[in-house]
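What follows is coords.txt (compact mmCIF, C-alpha atoms).
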```
# COMPACT_ATOMS: atom_id res chain seq x y z
CA MET A 1 0.00 0.00 0.00
CA MET A 2 1.31 3.43 -0.86
CA ASN A 3 1.99 5.80 1.99
CA SER A 4 -0.41 8.70 2.50
CA PRO A 5 0.96 12.01 1.18
CA PHE A 6 0.31 13.30 4.71
CA SER A 7 2.18 10.51 6.54
CA HIS A 8 5.33 12.55 7.11
CA LEU A 9 3.44 15.59 8.43
CA PRO A 10 2.69 16.40 12.11
CA ALA A 11 -0.55 15.12 13.61
CA LEU A 12 -3.20 17.28 15.24
CA GLY A 13 -3.30 15.79 18.71
CA PRO A 14 -6.12 15.72 21.30
CA GLY A 15 -6.17 18.76 23.56
CA SER A 16 -4.26 20.94 21.13
CA VAL A 17 -5.13 23.78 18.75
CA TRP A 18 -3.91 24.53 15.25
CA LEU A 19 -4.27 28.13 14.07
CA VAL A 20 -4.57 27.61 10.33
CA GLY A 21 -4.66 29.99 7.39
CA ALA A 22 -7.18 28.99 4.71
CA GLY A 23 -5.80 31.35 2.09
CA PRO A 24 -7.79 33.98 0.19
CA GLY A 25 -10.62 31.76 -1.04
CA ASP A 26 -9.79 29.02 -3.52
CA PRO A 27 -9.56 25.75 -1.55
CA GLY A 28 -6.74 24.70 -3.86
CA LEU A 29 -4.57 27.25 -2.09
CA LEU A 30 -4.75 25.41 1.24
CA THR A 31 -1.41 23.98 2.32
CA LEU A 32 -0.96 20.23 2.75
CA LEU A 33 -0.68 20.73 6.50
CA ALA A 34 -3.95 22.69 6.56
CA ALA A 35 -5.71 19.93 4.63
CA LYS A 36 -4.30 17.28 7.00
CA GLY A 37 -5.50 19.26 10.00
CA LEU A 38 -8.99 19.52 8.53
CA ALA A 39 -9.01 15.77 7.98
CA GLU A 40 -8.11 15.13 11.64
CA ALA A 41 -9.91 17.85 13.63
CA ASP A 42 -12.79 17.10 15.96
CA VAL A 43 -13.88 20.75 15.86
CA VAL A 44 -13.25 23.39 13.18
CA VAL A 45 -13.79 26.92 14.48
CA HIS A 46 -13.96 29.03 11.34
CA ASP A 47 -14.14 32.65 10.27
CA ALA A 48 -16.74 34.32 8.06
CA LEU A 49 -14.31 34.69 5.16
CA VAL A 50 -13.43 31.00 4.91
CA ASN A 51 -14.72 29.52 1.66
CA GLU A 52 -17.36 26.84 2.31
CA ASP A 53 -15.50 24.55 -0.10
CA CYS A 54 -12.59 24.55 2.36
CA LEU A 55 -14.93 23.36 5.11
CA LYS A 56 -15.95 20.42 2.93
CA LEU A 57 -12.47 19.02 3.53
CA ALA A 58 -13.21 18.55 7.22
CA ARG A 59 -13.46 14.91 8.27
CA PRO A 60 -16.96 13.39 8.40
CA GLY A 61 -18.47 13.98 11.81
CA ALA A 62 -16.31 16.97 12.65
CA GLU A 63 -18.15 19.83 14.35
CA LEU A 64 -18.12 23.09 12.38
CA GLU A 65 -18.36 26.07 14.69
CA TYR A 66 -18.84 29.56 13.26
CA ALA A 67 -16.87 32.38 14.89
CA GLY A 68 -16.95 35.03 12.19
CA LYS A 69 -16.23 38.71 12.74
CA ARG A 70 -17.39 41.20 10.10
CA GLY A 71 -17.06 44.96 10.41
CA GLY A 72 -20.34 46.70 11.23
CA LYS A 73 -22.21 43.44 11.84
CA PRO A 74 -23.03 41.57 15.08
CA SER A 75 -20.22 39.15 15.83
CA ALA A 76 -18.56 37.25 18.62
CA ASN A 77 -16.23 39.03 21.02
CA GLN A 78 -12.59 38.23 20.24
CA ARG A 79 -11.81 37.30 23.83
CA ASP A 80 -14.76 34.90 23.87
CA ILE A 81 -13.50 33.24 20.68
CA SER A 82 -10.05 32.80 22.17
CA LEU A 83 -11.44 31.32 25.38
CA ARG A 84 -13.68 28.99 23.38
CA LEU A 85 -10.54 27.48 21.84
CA VAL A 86 -9.19 26.91 25.35
CA GLU A 87 -12.45 25.30 26.45
CA LEU A 88 -12.53 22.91 23.50
CA ALA A 89 -8.89 21.91 23.93
CA ARG A 90 -9.37 21.28 27.65
CA ALA A 91 -12.23 18.94 26.74
CA GLY A 92 -9.67 16.85 24.85
CA LYS A 93 -10.79 17.93 21.39
CA ARG A 94 -8.51 18.23 18.41
CA VAL A 95 -9.21 21.87 17.55
CA LEU A 96 -8.55 23.58 14.23
CA ARG A 97 -9.06 27.33 14.14
CA LEU A 98 -9.51 28.13 10.45
CA LYS A 99 -8.95 31.73 9.43
CA GLY A 100 -9.17 33.40 6.03
CA GLY A 101 -5.79 34.32 4.55
CA ASP A 102 -2.96 34.03 7.05
CA PRO A 103 -3.53 33.92 10.84
CA PHE A 104 -0.77 36.46 11.50
CA VAL A 105 -1.69 39.02 8.82
CA PHE A 106 -4.52 41.15 10.22
CA GLY A 107 -6.11 37.89 11.35
CA ARG A 108 -5.97 38.18 15.16
CA GLY A 109 -3.99 34.96 15.23
CA GLY A 110 -1.45 36.48 17.59
CA GLU A 111 -4.18 37.37 20.10
CA GLU A 112 -5.58 33.84 20.03
CA ALA A 113 -2.15 32.28 20.33
CA LEU A 114 -1.34 34.44 23.35
CA THR A 115 -4.53 33.24 25.05
CA LEU A 116 -3.52 29.63 24.41
CA VAL A 117 -0.11 30.33 25.93
CA GLU A 118 -1.79 31.97 28.94
CA HIS A 119 -3.78 28.76 29.55
CA ASN A 120 -0.96 26.30 28.72
CA ILE A 121 -2.68 24.90 25.63
CA PRO A 122 -0.32 23.38 23.05
CA PHE A 123 -0.70 24.92 19.61
CA ARG A 124 0.76 25.09 16.13
CA ILE A 125 0.69 27.94 13.59
CA VAL A 126 -0.06 26.85 10.03
CA PRO A 127 0.55 29.86 7.76
CA GLY A 128 -1.72 30.56 4.82
CA ILE A 129 -1.53 32.68 1.69
CA THR A 130 -2.61 36.15 2.69
CA ALA A 131 -5.24 37.85 0.53
CA GLY A 132 -2.98 40.85 -0.04
CA ILE A 133 -0.70 38.59 -2.09
CA GLY A 134 -2.81 35.64 -3.24
CA GLY A 135 -5.99 37.63 -3.85
CA LEU A 136 -4.13 40.15 -5.98
CA ALA A 137 -2.42 37.34 -7.88
CA TYR A 138 -5.87 36.01 -8.81
CA ALA A 139 -6.63 39.47 -10.19
CA GLY A 140 -3.43 39.47 -12.24
CA ILE A 141 -1.72 42.08 -10.06
CA PRO A 142 1.74 41.30 -8.65
CA VAL A 143 2.67 43.08 -5.43
CA THR A 144 6.25 43.48 -6.67
CA HIS A 145 7.73 43.84 -10.14
CA ARG A 146 11.39 44.61 -10.81
CA GLU A 147 10.65 47.46 -13.20
CA ILE A 148 8.19 49.14 -10.84
CA ASN A 149 8.87 48.64 -7.12
CA HIS A 150 11.34 47.26 -4.64
CA ALA A 151 9.09 47.76 -1.64
CA VAL A 152 5.46 47.21 -0.69
CA THR A 153 3.44 48.25 2.36
CA PHE A 154 0.57 46.25 3.84
CA LEU A 155 -1.83 48.11 6.11
CA THR A 156 -5.32 47.93 7.55
CA GLY A 157 -7.95 50.50 6.62
CA HIS A 158 -9.53 50.58 10.06
CA ASP A 159 -8.51 49.99 13.65
CA SER A 160 -10.34 48.19 16.47
CA SER A 161 -12.75 51.11 16.81
CA GLY A 162 -13.70 50.91 13.12
CA ILE A 163 -12.10 54.17 12.01
CA VAL A 164 -9.06 54.95 9.88
CA PRO A 165 -6.02 54.33 12.12
CA ASP A 166 -4.40 57.47 13.49
CA ALA A 167 -1.27 55.46 14.25
CA ILE A 168 -0.48 55.09 10.55
CA ASN A 169 1.94 57.70 9.24
CA TRP A 170 0.10 58.34 5.99
CA GLU A 171 2.57 60.98 4.85
CA ALA A 172 5.54 58.66 5.26
CA ILE A 173 3.79 55.77 3.53
CA GLY A 174 2.48 57.98 0.75
CA LYS A 175 5.95 59.33 0.04
CA GLY A 176 7.95 56.18 0.71
CA SER A 177 6.00 53.15 -0.50
CA PRO A 178 5.56 52.70 -4.26
CA VAL A 179 2.87 50.03 -3.74
CA ILE A 180 0.33 50.05 -0.94
CA VAL A 181 -1.91 47.05 -0.25
CA MET A 182 -4.84 47.71 2.08
CA TYR A 183 -7.08 45.32 3.98
CA MET A 184 -10.51 46.41 5.23
CA ALA A 185 -10.14 49.77 3.50
CA MET A 186 -13.13 49.95 1.16
CA LYS A 187 -15.44 51.63 3.68
CA HIS A 188 -12.95 54.45 4.33
CA ILE A 189 -11.44 54.79 0.86
CA GLY A 190 -12.46 58.47 0.65
CA GLN A 191 -10.43 59.50 3.68
CA ILE A 192 -7.56 57.18 2.80
CA SER A 193 -7.35 58.53 -0.76
CA ALA A 194 -7.36 62.08 0.58
CA ASN A 195 -4.57 61.22 3.03
CA LEU A 196 -2.42 59.72 0.29
CA MET A 197 -2.97 62.57 -2.16
CA ALA A 198 -2.16 65.05 0.62
CA SER A 199 1.18 63.24 0.95
CA GLY A 200 1.90 63.85 -2.72
CA ARG A 201 0.46 60.81 -4.49
CA PRO A 202 -0.99 61.85 -7.87
CA ALA A 203 -4.74 61.65 -8.40
CA SER A 204 -4.00 59.72 -11.61
CA GLU A 205 -2.25 56.85 -9.80
CA PRO A 206 -3.84 53.45 -10.57
CA VAL A 207 -5.98 51.78 -7.91
CA ALA A 208 -7.71 48.40 -7.94
CA PHE A 209 -10.40 46.93 -5.71
CA VAL A 210 -10.45 43.12 -5.66
CA CYS A 211 -13.67 41.89 -4.06
CA ASN A 212 -14.27 38.27 -3.01
CA ALA A 213 -10.77 37.48 -4.18
CA ALA A 214 -9.87 34.00 -5.40
CA THR A 215 -13.50 32.83 -5.44
CA GLY A 216 -16.06 32.32 -8.17
CA ALA A 217 -17.61 35.65 -7.14
CA GLN A 218 -14.39 37.63 -7.63
CA GLN A 219 -14.85 41.12 -9.09
CA VAL A 220 -12.16 43.67 -9.91
CA LEU A 221 -12.59 47.41 -10.25
CA GLU A 222 -9.74 49.43 -11.78
CA THR A 223 -9.77 53.17 -11.20
CA THR A 224 -7.49 55.98 -10.01
CA LEU A 225 -6.72 57.46 -6.63
CA GLY A 226 -8.64 60.63 -7.41
CA GLU A 227 -11.71 58.76 -8.64
CA ALA A 228 -11.59 55.80 -6.25
CA THR A 229 -14.36 56.97 -3.93
CA ASP A 230 -16.91 57.74 -6.65
CA ALA A 231 -15.97 54.67 -8.68
CA ALA A 232 -16.37 52.33 -5.70
CA GLU A 233 -19.76 53.81 -4.82
CA ALA A 234 -20.98 53.66 -8.41
CA SER A 235 -19.82 50.06 -8.85
CA GLY A 236 -22.05 48.70 -6.10
CA LEU A 237 -19.23 46.41 -5.00
CA GLU A 238 -19.14 45.33 -1.37
CA PRO A 239 -16.43 44.08 0.99
CA PRO A 240 -14.56 41.89 1.56
CA ALA A 241 -12.06 43.63 -0.66
CA ILE A 242 -8.35 44.16 -1.04
CA VAL A 243 -7.36 47.61 -2.30
CA VAL A 244 -4.02 48.18 -4.02
CA VAL A 245 -2.48 51.51 -4.97
CA GLY A 246 0.46 51.74 -7.37
CA GLU A 247 1.76 51.24 -10.88
CA VAL A 248 1.59 47.45 -10.50
CA VAL A 249 -2.15 47.75 -11.17
CA ARG A 250 -1.33 48.50 -14.82
CA LEU A 251 0.14 45.02 -15.14
CA ARG A 252 -3.34 43.56 -14.93
CA ALA A 253 -3.74 44.32 -18.63
CA SER A 254 -1.02 41.73 -19.22
CA LEU A 255 -1.40 39.33 -16.31
CA ASP A 256 -5.16 38.86 -15.86
CA TRP A 257 -4.82 35.12 -16.33
CA LEU A 258 -8.37 34.40 -15.17
CA GLY A 259 -9.65 36.90 -17.70
CA ALA A 260 -7.57 35.23 -20.37
CA LEU A 261 -9.21 31.89 -19.57
CA ALA A 262 -12.53 33.63 -20.27
CA GLY A 263 -11.30 35.05 -23.57
CA ARG A 264 -9.59 38.33 -22.66
CA ARG A 265 -6.70 39.23 -24.95
CA LEU A 266 -3.69 40.10 -22.83
CA GLN A 267 -1.16 42.79 -23.68
CA PRO A 268 2.46 41.57 -23.77
CA ASP A 269 3.87 44.99 -22.79
CA PRO A 270 1.49 47.17 -20.75
CA PHE A 271 4.00 50.03 -20.38
CA GLY A 272 5.43 50.14 -23.90
CA ARG A 273 8.96 49.04 -24.76
CA SER A 274 10.21 52.61 -24.91
CA GLY A 275 8.41 53.70 -21.74
CA LYS A 276 9.99 51.51 -19.12
CA VAL A 277 8.80 52.25 -15.61
CA THR A 278 11.51 52.27 -12.96
CA ALA A 279 11.27 52.21 -9.20
```
Would you put the structure from the file into structure tokens?
Amino acid sequence: MMNSPFSHLPALGPGSVWLVGAGPGDPGLLTLLAAKGLAEADVVVHDALVNEDCLKLARPGAELEYAGKRGGKPSANQRDISLRLVELARAGKRVLRLKGGDPFVFGRGGEEALTLVEHNIPFRIVPGITAGIGGLAYAGIPVTHREINHAVTFLTGHDSSGIVPDAINWEAIGKGSPVIVMYMAMKHIGQISANLMASGRPASEPVAFVCNAATGAQQVLETTLGEATDAAEASGLEPPAIVVVGEVVRLRASLDWLGALAGRRLQPDPFGRSGKVTA
């Protein structure tokens, strides 16, 4: 009999918790270790943004427990979620905490892990593909490109109180980061765009909104920094969305591989051979 492809991987043991990243949407982007954990877990505590197709990989009989948090909507308290993981582990369950994207990228994974440490619960971190990279890749937008940028900034569009974070130095980021990738920013794009333009970013700079990234419901809106607010409102698009600001957005004309599968003709040189863009 052939060995299982998972046989060399760690096992999810009773009384322990795995904090697992599910990636941006497509279940094919789960890691092997994430899939193994789903196949072994007694309880899967999952976020709102986890694709239901990922949950189908849970072993038969596993309990699926919803613990989603969505901005502006009733949701569980984060401390209660963390303590629920402790409770389940202490009951001897094999617990898999499944989070969209990566647990440590705006995913509150650090908070949950600290609670497990506080209560002496063994745990493992299973990284996932964060939406700010994988979701943009599914839109045909690379976060780095040698001819455009040698740096990228990831930031959140709102803090724990639901407003644009005061702690972010918008002037420094606007002046210093050629590409800015924003999570949970769609609701506040008007203020964010104003902050960036006040720092010197041109109103003509390309912007893309990628909604429901890496799923069958994915939609992409391309606009500019100056028109982002009106364009987003007119589009009717809704979060969850990743917003990216920078010249890399122009590469979508060449790299929209999903669009190409649907018949879009891609451009081999979006900038023009004689108009090379440099960082």
Exercise. Taking only C-alpha atoms into account, which of A:Val105, A:Leu30, A:Ala41, A:Ser16 comes nearest Val86 (chain A)?
Worked result: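 Under the stated criterion, the closest residue is A:Ser16.
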Problem set entry | Given only C-alpha atoms as the counted atoms, nearest of A:Ile121, A:Ile133, A:Val143, A:Leu116 to Arg250 (chain A) | A:Val143
For this session: Pick out the closest residue to Pro178 (chain A) from this set: A:Leu114, A:Ala131, A:Val248, A:Ala139. Count only C-alpha atoms.
Result: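 Among A:Leu114, A:Ala131, A:Val248, A:Ala139, it is A:Val248 that comes nearest to Pro178 (chain A).
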Exercise. Residues at most 7 Å from Lys99 (chain A), counting all atoms listed in the file, excluding those fewer than 3 positions away in the same chain, as a ChimeraX atom specification?
Worked result: /A:20-22,46-47,50,102-103
Exercise. So how many Å separate CA of Ser177 (chain A) and CA of Val245 (chain A), to one decimal?
Worked result: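 Separation of CA of Ser177 (chain A) and CA of Val245 (chain A): 9.7 Å.
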Exercise. Could you name the residues that touch Tyr66 (chain A) at 12 Å or less, counting all atoms listed in the file, but leaving out those on the same chain fewer than 4 positions away, as number ranges by chain?
Worked result: A: 43-50, 52, 55, 75-76, 81, 84, 96-99
Exercise. With only C-alpha atoms as the basis for distance, which of A:Gly101, A:Val244, A:His188, A:Glu65 is at the shortest distance from Thr153 (chain A)?
Worked result: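 The closest residue to Thr153 (chain A) is A:Val244.
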Exercise. Pick the closest to Ala228 (chain A) from A:Leu29, A:Ala194, A:Cys211, A:Ala260: which is it, counting all atoms listed in the file?
Worked result: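 Once distances to Ala228 (chain A) are computed over all atoms listed in the file, the minimum belongs to A:Ala194.
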Problem set entry | Using all atoms listed in the file: which of A:Glu147, A:Leu33, A:Gly25, A:Ser82 has the shortest distance to His8 (chain A) |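 The answer is A:Leu33, which sits nearest to His8 (chain A).
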Exercise. In Å, how far is it from CA of Tyr138 (chain A) to CA of Ala213 (chain A)?
Worked result: 6.9 Å
Problem set entry | CA of Gly128 (chain A) to CA of Phe104 (chain A), straight-line distance in Å |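 Those two atoms sit 9.0 Å apart.
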Contacts of Phe123 (chain A) within 10 Å, all atoms listed in the file, excl. fewer than 4 positions in-chain, as a PDB file with C-alpha atoms, in the frame of the given file:
```pdb
ATOM      1  CA  LEU A  12      -3.200  17.280  15.240  1.00  0.00           C
ATOM      2  CA  GLY A  13      -3.300  15.790  18.710  1.00  0.00           C
ATOM      3  CA  GLY A  15      -6.170  18.760  23.560  1.00  0.00           C
ATOM      4  CA  SER A  16      -4.260  20.940  21.130  1.00  0.00           C
ATOM      5  CA  VAL A  17      -5.130  23.780  18.750  1.00  0.00           C
ATOM      6  CA  TRP A  18      -3.910  24.530  15.250  1.00  0.00           C
ATOM      7  CA  LEU A  19      -4.270  28.130  14.070  1.00  0.00           C
ATOM      8  CA  ALA A  89      -8.890  21.910  23.930  1.00  0.00           C
ATOM      9  CA  VAL A  95      -9.210  21.870  17.550  1.00  0.00           C
ATOM     10  CA  LEU A  96      -8.550  23.580  14.230  1.00  0.00           C
ATOM     11  CA  ALA A 113      -2.150  32.280  20.330  1.00  0.00           C
ATOM     12  CA  LEU A 116      -3.520  29.630  24.410  1.00  0.00           C
ATOM     13  CA  VAL A 117      -0.110  30.330  25.930  1.00  0.00           C
TER      14      VAL A 117
END
```
